[in-house]
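A.B. asks: As input, take structure.csv (CSV, C-alpha atoms):
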chain,number,residue,atom,x,y,z
A,1,LEU,CA,136.1,114.2,-13.0
A,2,LEU,CA,135.2,115.1,-9.5
A,3,GLU,CA,138.5,113.6,-8.3
A,4,ARG,CA,140.3,116.0,-10.5
A,5,TYR,CA,138.2,119.2,-10.2
A,6,ASP,CA,136.5,121.1,-7.4
A,7,ALA,CA,133.4,121.9,-9.4
A,8,LEU,CA,131.7,120.8,-12.6
A,9,PHE,CA,129.2,122.4,-14.9
A,10,LEU,CA,127.0,120.3,-17.2
A,11,GLY,CA,126.0,122.2,-20.4
A,12,THR,CA,125.8,119.3,-22.9
A,13,GLY,CA,122.4,120.3,-24.2
A,14,ALA,CA,119.6,118.1,-25.4
A,15,GLY,CA,120.6,117.2,-28.9
A,16,LEU,CA,119.5,113.6,-29.1
A,17,PRO,CA,116.6,113.3,-31.5
A,18,MET,CA,113.4,111.5,-30.3
A,19,PHE,CA,111.8,108.8,-32.4
A,20,MET,CA,108.5,107.0,-32.1
A,21,ASN,CA,109.9,103.4,-31.7
A,22,ILE,CA,107.5,102.0,-34.3
A,23,PRO,CA,108.1,99.2,-36.8
A,24,GLY,CA,110.1,100.3,-39.8
A,25,GLU,CA,111.7,103.3,-38.3
A,26,ASN,CA,115.2,102.1,-39.4
A,27,HIS,CA,114.3,102.0,-43.1
A,28,LEU,CA,116.4,104.0,-45.5
A,29,GLY,CA,114.7,107.4,-46.1
A,30,VAL,CA,113.8,108.0,-42.5
A,31,TYR,CA,115.6,111.0,-41.1
A,32,SER,CA,115.5,112.9,-37.8
A,33,ALA,CA,114.8,116.5,-38.5
A,34,ASN,CA,118.3,117.3,-36.9
A,35,GLU,CA,120.0,115.2,-39.5
A,36,LEU,CA,118.0,116.5,-42.5
A,37,LEU,CA,118.6,120.2,-41.5
A,38,THR,CA,122.2,119.7,-40.5
A,39,ARG,CA,123.0,117.9,-43.8
A,40,THR,CA,121.1,120.5,-45.8
A,41,ASN,CA,122.4,123.6,-44.3
A,42,LEU,CA,125.6,123.2,-42.3
A,43,MET,CA,127.0,120.5,-44.6
A,44,LYS,CA,125.7,122.2,-47.8
A,45,GLY,CA,123.8,119.1,-48.9
A,46,PHE,CA,121.6,121.3,-51.1
A,47,ARG,CA,124.7,122.0,-53.3
A,48,PHE,CA,125.5,118.3,-54.1
A,49,PRO,CA,127.6,117.3,-56.1
A,50,GLU,CA,129.6,120.5,-55.7
A,51,TRP,CA,129.7,119.6,-51.9
A,52,ASP,CA,130.2,116.0,-50.7
A,53,THR,CA,127.0,115.6,-48.6
A,54,PRO,CA,124.0,114.5,-50.6
A,55,VAL,CA,120.5,114.7,-49.2
A,56,LYS,CA,118.1,112.3,-50.8
A,57,VAL,CA,114.5,113.6,-50.5
A,58,GLY,CA,111.8,111.8,-52.5
A,59,LYS,CA,108.7,112.8,-54.2
A,60,LYS,CA,106.3,112.6,-51.2
A,61,VAL,CA,107.7,113.6,-47.8
A,62,ALA,CA,105.9,113.1,-44.4
A,63,VAL,CA,107.2,115.3,-41.6
A,64,ILE,CA,106.0,113.9,-38.2
A,65,GLY,CA,105.4,116.7,-35.7
A,66,ALA,CA,104.2,120.3,-35.9
A,67,GLY,CA,106.8,122.4,-34.0
A,68,ASN,CA,109.0,125.1,-35.6
A,69,VAL,CA,111.6,122.5,-36.5
A,70,ALA,CA,109.0,120.4,-38.3
A,71,MET,CA,108.1,123.5,-40.3
A,72,ASP,CA,111.7,124.0,-41.2
A,73,ALA,CA,112.1,120.4,-42.3
A,74,ALA,CA,109.0,120.6,-44.4
A,75,ARG,CA,109.9,123.8,-46.2
A,76,CYS,CA,113.5,122.6,-46.7
A,77,SER,CA,112.1,119.4,-48.3
A,78,LEU,CA,110.2,121.6,-50.8
A,79,ARG,CA,113.4,123.5,-51.6
A,80,LEU,CA,115.2,120.2,-52.1
A,81,GLY,CA,112.8,119.3,-54.8
A,82,ALA,CA,110.0,117.3,-53.2
A,83,PRO,CA,106.7,118.0,-55.1
A,84,GLU,CA,104.5,117.0,-52.1
A,85,VAL,CA,105.2,117.5,-48.4
A,86,HIS,CA,102.9,116.6,-45.5
A,87,ILE,CA,103.0,117.6,-41.9
A,88,VAL,CA,101.5,114.7,-39.9
A,89,TYR,CA,100.4,115.7,-36.4
A,90,ARG,CA,98.5,113.7,-33.9
A,91,ARG,CA,96.6,116.6,-32.4
A,92,SER,CA,94.4,119.3,-34.0
A,93,ARG,CA,95.4,122.7,-35.5
A,94,ASP,CA,94.6,124.4,-32.2
A,95,GLU,CA,97.3,122.4,-30.4
A,96,VAL,CA,100.1,123.1,-33.0
A,97,PRO,CA,103.2,124.2,-31.0
A,98,ALA,CA,104.9,126.1,-34.0
A,99,ARG,CA,104.6,129.8,-34.2
A,100,ALA,CA,101.5,131.0,-36.1
A,101,GLU,CA,103.6,132.7,-38.8
A,102,GLU,CA,105.6,129.5,-39.4
A,103,VAL,CA,102.4,127.6,-40.0
A,104,HIS,CA,101.0,130.4,-42.2
A,105,HIS,CA,104.2,130.4,-44.4
A,106,ALA,CA,104.1,126.6,-44.7
A,107,GLU,CA,100.5,126.7,-45.9
A,108,GLU,CA,101.3,129.5,-48.3
A,109,GLU,CA,104.0,127.3,-49.8
A,110,GLY,CA,101.7,124.4,-50.3
A,111,ILE,CA,102.6,122.1,-47.3
A,112,VAL,CA,99.7,119.7,-46.6
A,113,PHE,CA,98.6,119.4,-43.0
A,114,ASP,CA,97.3,116.0,-41.8
A,115,PHE,CA,95.8,116.7,-38.4
A,116,LEU,CA,94.6,114.1,-35.9
A,117,THR,CA,96.8,111.5,-37.6
A,118,ASN,CA,99.5,109.3,-36.1
A,119,PRO,CA,101.9,106.8,-37.9
A,120,ILE,CA,102.0,103.3,-36.4
A,121,GLU,CA,104.3,101.6,-38.9
A,122,ILE,CA,106.6,102.5,-41.7
A,123,TYR,CA,106.8,100.3,-44.8
A,124,GLY,CA,109.8,99.6,-46.9
A,125,ASP,CA,110.7,97.7,-50.1
A,126,GLU,CA,113.0,94.7,-50.5
A,127,TYR,CA,116.0,97.1,-50.5
A,128,GLY,CA,115.0,98.8,-47.3
A,129,TRP,CA,113.8,102.1,-48.7
A,130,VAL,CA,110.6,103.7,-47.4
A,131,THR,CA,107.5,103.1,-49.5
A,132,GLY,CA,104.7,104.2,-47.1
A,133,MET,CA,103.2,104.5,-43.7
A,134,ARG,CA,100.3,102.9,-41.8
A,135,CYS,CA,98.5,105.6,-39.8
A,136,ILE,CA,95.6,105.8,-37.4
A,137,ARG,CA,93.1,108.6,-36.9
A,138,MET,CA,93.1,110.3,-33.5
A,139,GLU,CA,90.6,112.2,-31.4
A,140,LEU,CA,91.2,114.5,-28.6
A,141,GLY,CA,90.4,113.4,-25.0
A,142,GLU,CA,91.1,115.1,-21.6
A,143,PRO,CA,94.0,117.5,-21.2
A,144,ASP,CA,97.4,116.0,-20.2
A,145,GLU,CA,100.1,117.4,-18.0
A,146,SER,CA,101.0,120.0,-20.8
A,147,GLY,CA,97.5,121.4,-20.7
A,148,ARG,CA,96.7,120.2,-24.2
A,149,ARG,CA,94.0,117.6,-24.9
A,150,ARG,CA,95.4,114.1,-25.0
A,151,PRO,CA,95.2,112.4,-28.5
A,152,VAL,CA,93.4,109.1,-28.3
A,153,PRO,CA,93.5,106.5,-31.2
A,154,VAL,CA,90.2,105.9,-33.0
A,155,GLU,CA,89.6,102.2,-33.1
A,156,GLY,CA,89.4,100.7,-36.6
A,157,SER,CA,90.5,104.0,-38.4
A,158,GLU,CA,93.9,102.7,-39.7
A,159,PHE,CA,94.8,103.7,-43.3
A,160,GLU,CA,97.8,103.6,-45.6
A,161,MET,CA,99.8,106.7,-46.7
A,162,THR,CA,102.2,106.5,-49.7
A,163,VAL,CA,105.4,108.3,-48.9
A,164,ASP,CA,109.1,107.8,-49.8
A,165,THR,CA,110.7,110.0,-47.1
A,166,VAL,CA,109.8,110.3,-43.4
A,167,VAL,CA,111.3,113.0,-41.2
A,168,MET,CA,110.9,112.7,-37.4
A,169,ALA,CA,110.5,116.2,-35.9
A,170,LEU,CA,109.4,115.1,-32.4
A,171,GLY,CA,111.9,117.1,-30.4
A,172,THR,CA,115.1,116.2,-28.7
A,173,ARG,CA,116.4,115.1,-25.3
A,174,PRO,CA,119.7,114.9,-23.4
A,175,ASN,CA,121.9,112.0,-24.4
A,176,PRO,CA,121.8,109.3,-21.7
A,177,LEU,CA,125.5,108.6,-22.2
A,178,VAL,CA,126.3,111.8,-20.4
A,179,PHE,CA,125.0,110.3,-17.2
A,180,GLU,CA,127.1,107.1,-17.0
A,181,ASP,CA,128.7,106.8,-13.6
A,182,ALA,CA,126.5,109.7,-12.3
A,183,GLU,CA,124.0,107.9,-10.2
A,184,GLY,CA,123.7,110.7,-7.7
A,185,LEU,CA,122.4,113.1,-10.4
A,186,GLU,CA,118.6,113.4,-10.2
A,187,ARG,CA,116.8,113.5,-13.5
A,188,THR,CA,113.2,114.0,-14.6
A,189,ARG,CA,111.2,111.4,-16.5
A,190,TRP,CA,112.2,113.3,-19.7
A,191,GLY,CA,115.8,112.7,-19.0
A,192,THR,CA,116.6,116.3,-18.0
A,193,VAL,CA,118.7,117.2,-14.9
A,194,VAL,CA,117.0,118.5,-11.8
A,195,CYS,CA,118.6,121.6,-10.4
A,196,ASP,CA,117.9,124.8,-8.5
A,197,GLU,CA,117.0,127.5,-11.0
A,198,ALA,CA,118.4,130.3,-8.8
A,199,THR,CA,121.8,128.7,-8.5
A,200,GLY,CA,122.2,126.0,-11.1
A,201,ARG,CA,123.1,123.5,-8.3
A,202,THR,CA,122.1,119.9,-9.0
A,203,LYS,CA,121.3,117.2,-6.4
A,204,MET,CA,124.8,116.0,-6.8
A,205,GLU,CA,127.5,117.7,-4.6
A,206,ARG,CA,129.8,120.0,-6.6
A,207,VAL,CA,127.9,119.6,-9.9
A,208,TRP,CA,126.0,122.5,-11.5
A,209,ALA,CA,123.9,122.4,-14.8
A,210,GLY,CA,122.2,124.7,-17.1
A,211,GLY,CA,120.7,125.1,-20.6
A,212,ASP,CA,118.8,122.5,-22.5
A,213,ILE,CA,120.1,119.7,-20.3
A,214,VAL,CA,117.9,121.2,-17.6
A,215,THR,CA,115.0,122.8,-19.5
A,216,GLY,CA,114.8,120.6,-22.6
A,217,ALA,CA,115.2,122.2,-26.0
A,218,ALA,CA,114.9,126.0,-25.6
A,219,THR,CA,116.8,129.1,-26.8
A,220,VAL,CA,120.5,129.9,-26.9
A,221,ILE,CA,119.9,133.1,-24.8
A,222,SER,CA,118.2,131.2,-22.0
A,223,ALA,CA,121.1,128.7,-21.9
A,224,MET,CA,123.6,131.6,-21.7
A,225,GLY,CA,121.6,133.1,-18.8
A,226,ALA,CA,121.7,129.8,-17.0
A,227,GLY,CA,125.4,129.6,-17.5
A,228,ARG,CA,125.9,133.0,-16.0
A,229,VAL,CA,123.7,132.1,-13.0
A,230,ALA,CA,125.7,128.9,-12.4
A,231,ALA,CA,129.1,130.6,-12.9
A,232,THR,CA,128.2,133.2,-10.2
A,233,ASP,CA,127.2,130.5,-7.7
A,234,MET,CA,130.2,128.3,-8.5
A,235,ASP,CA,132.5,131.2,-7.9
A,236,ALA,CA,130.9,131.9,-4.6
A,237,TYR,CA,131.2,128.2,-3.6
A,238,LEU,CA,134.9,128.0,-4.6
A,239,CYS,CA,135.8,131.2,-2.8
A,240,ASN,CA,134.3,130.0,0.5
Please render this file's structure as structure tokens.
C.D. replies:
Amino acid sequence: LLERYDALFLGTGAGLPMFMNIPGENHLGVYSANELLTRTNLMKGFRFPEWDTPVKVGKKVAVIGAGNVAMDAARCSLRLGAPEVHIVYRRSRDEVPARAEEVHHAEEEGIVFDFLTNPIEIYGDEYGWVTGMRCIRMELGEPDESGRRRPVPVEGSEFEMTVDTVVMALGTRPNPLVFEDAEGLERTRWGTVVCDEATGRTKMERVWAGGDIVTGAATVISAMGAGRVAATDMDAYLCN
């Protein structure tokens, strides 16, 4: 691209769902929150068979994570007919990243919160469908780089949890395919692009970036602002 253009802007976002990389994560009935919510809302899965995109949600759903997207996934699961929905979160209530009103509304609707709990394996039947999870209790240790107390497994506290649907709501990151043949593009350990906030310039000559590919998952308005900042600097660069 740099052979064809004088300047490039990367605005590809951070849409790749994160998973736990635990045994059984490929079983049928394991969704990313992105997939569940996209199939439910944008693809009208809630109106199957009138629309062509079914969403199979079982009788007992576990949503892993406790951000705003996790609350959305849990409450959508209730509306799709699941009688019992759990939020499984490895930290305590005090560390929940979702907005307080989101948590309040989820509790009002009957969502069960399993704090200080972390899945370590997902079980499936002979056909590959989810039948349960093996979890471990956690306790909070010293604060990590985010300022929140780091969750530490409690030895010997493993237990079984019967579920038939698991939704991973652990956040998203930039897709690494974007960075093929871009060795000069410096990235953080989270896979986001390093750039100058004031200009949008990356460490790679003639390449700018902005939005979620730089900040990680954030808001549309902040991405739009980053685009304006970069466009201004790109214009100044190209006019020199």
A.B. asks: In Å, rounded to a single decimal, give me how far CA of Glu160 in chain A is from CA of Arg134 in chain A.
C.D. replies: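 Those two atoms sit 4.6 Å apart.
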A.B. asks: Would you pick out the contacts of Gly24 in chain A at 10 Å or less, using only C-alpha atoms, so that residues sharing its chain but fewer than 6 positions from it are not included, and give the list as a list of chain:residue names?
C.D. replies: A:Val30, A:Ile120, A:Glu121, A:Ile122, A:Tyr123, A:Gly124, A:Gly128, A:Trp129, A:Val130, A:Gly132, A:Met133
A.B. asks: What lies within 12 Å of Asp233 in chain A using only C-alpha atoms, ignoring chain neighbours under 4 positions off, as an MDAnalysis selection string?
C.D. replies: chainID A and resid 7:9 196:202 206:209 226:229 237:240
A.B. asks: For Gly67 in chain A, find every residue with an atom within 12 Å (counting all atoms listed in the file), except residues of its own chain fewer than 4 positions away, and show them as a PyMOL selection string.
C.D. replies: chain A and resi 33+63+71-74+87-89+91+93+95-103+106+168-172+217
A.B. asks: How far is it from CA of Leu16 in chain A to CA of Cys135 in chain A, in Å with one decimal?
C.D. replies: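 Distance reported for this atom pair: 24.9 Å.
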A.B. asks: Go through A:Tyr127, A:Gly15, A:Ile111, A:Arg90 one by one, measure the shortest atom-to-atom distance of each to Glu139 in chain A using only C-alpha atoms, and give the residue with the smallest value.
C.D. replies: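 Under the stated criterion, the closest residue is A:Arg90.
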A.B. asks: Excluding Glu84 in chain A and its own-chain neighbours fewer than 3 positions away, which residues fall within 12 Å of it when counting all atoms listed in the file? Please give them as a ChimeraX atom specification.
C.D. replies: /A:57-63,74-81,87,109-113,162-165
A.B. asks: For Met18 in chain A, which residue out of A:Trp190, A:Arg149, A:Phe179, A:Asp94 is the nearest one, using all atoms listed in the file?
C.D. replies: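 Of the candidates, the smallest distance to Met18 in chain A is held by A:Trp190.
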A.B. asks: Reconstruct N, CA, C and O atoms of range 3-16 of chain A from the incomplete input and present them as an mmCIF file, in the coordinates of the input.
C.D. replies:
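File written: result-v6.cif
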data_model
loop_
_atom_site.group_PDB
_atom_site.id
_atom_site.type_symbol
_atom_site.label_atom_id
_atom_site.label_comp_id
_atom_site.auth_asym_id
_atom_site.auth_seq_id
_atom_site.Cartn_x
_atom_site.Cartn_y
_atom_site.Cartn_z
ATOM 1 N N GLU A 3 137.184 113.796 -9.025
ATOM 2 C CA GLU A 3 138.500 113.600 -8.300
ATOM 3 C C GLU A 3 139.518 114.559 -8.804
ATOM 4 O O GLU A 3 140.491 114.803 -8.103
ATOM 5 N N ARG A 4 139.325 115.133 -9.966
ATOM 6 C CA ARG A 4 140.300 116.000 -10.500
ATOM 7 C C ARG A 4 139.945 117.517 -10.377
ATOM 8 O O ARG A 4 140.806 118.390 -10.413
ATOM 9 N N TYR A 5 138.631 117.792 -10.256
ATOM 10 C CA TYR A 5 138.200 119.200 -10.200
ATOM 11 C C TYR A 5 137.321 119.438 -8.987
ATOM 12 O O TYR A 5 136.672 118.538 -8.465
ATOM 13 N N ASP A 6 137.297 120.684 -8.566
ATOM 14 C CA ASP A 6 136.500 121.100 -7.400
ATOM 15 C C ASP A 6 135.058 121.322 -7.709
ATOM 16 O O ASP A 6 134.203 121.271 -6.830
ATOM 17 N N ALA A 7 134.752 121.641 -8.968
ATOM 18 C CA ALA A 7 133.400 121.900 -9.400
ATOM 19 C C ALA A 7 133.195 121.583 -10.841
ATOM 20 O O ALA A 7 134.129 121.733 -11.633
ATOM 21 N N LEU A 8 132.000 121.142 -11.180
ATOM 22 C CA LEU A 8 131.700 120.800 -12.600
ATOM 23 C C LEU A 8 130.413 121.471 -13.021
ATOM 24 O O LEU A 8 129.464 121.609 -12.235
ATOM 25 N N PHE A 9 130.387 121.884 -14.283
ATOM 26 C CA PHE A 9 129.200 122.400 -14.900
ATOM 27 C C PHE A 9 128.773 121.564 -16.079
ATOM 28 O O PHE A 9 129.593 121.318 -16.969
ATOM 29 N N LEU A 10 127.527 121.091 -16.093
ATOM 30 C CA LEU A 10 127.000 120.300 -17.200
ATOM 31 C C LEU A 10 126.237 121.221 -18.146
ATOM 32 O O LEU A 10 125.204 121.780 -17.774
ATOM 33 N N GLY A 11 126.733 121.346 -19.370
ATOM 34 C CA GLY A 11 126.000 122.200 -20.400
ATOM 35 C C GLY A 11 126.007 121.449 -21.703
ATOM 36 O O GLY A 11 126.233 122.061 -22.748
ATOM 37 N N THR A 12 125.727 120.144 -21.656
ATOM 38 C CA THR A 12 125.800 119.300 -22.900
ATOM 39 C C THR A 12 124.588 119.345 -23.729
ATOM 40 O O THR A 12 124.537 118.701 -24.771
ATOM 41 N N GLY A 13 123.565 120.085 -23.315
ATOM 42 C CA GLY A 13 122.400 120.300 -24.200
ATOM 43 C C GLY A 13 121.471 119.089 -24.244
ATOM 44 O O GLY A 13 121.558 118.137 -23.469
ATOM 45 N N ALA A 14 120.562 119.182 -25.207
ATOM 46 C CA ALA A 14 119.600 118.100 -25.400
ATOM 47 C C ALA A 14 119.465 117.842 -26.895
ATOM 48 O O ALA A 14 118.433 118.067 -27.534
ATOM 49 N N GLY A 15 120.547 117.345 -27.449
ATOM 50 C CA GLY A 15 120.600 117.200 -28.900
ATOM 51 C C GLY A 15 120.288 115.846 -29.457
ATOM 52 O O GLY A 15 120.432 115.618 -30.664
ATOM 53 N N LEU A 16 119.833 114.909 -28.604
ATOM 54 C CA LEU A 16 119.500 113.600 -29.100
ATOM 55 C C LEU A 16 118.107 113.535 -29.661
ATOM 56 O O LEU A 16 117.145 113.763 -28.920
#
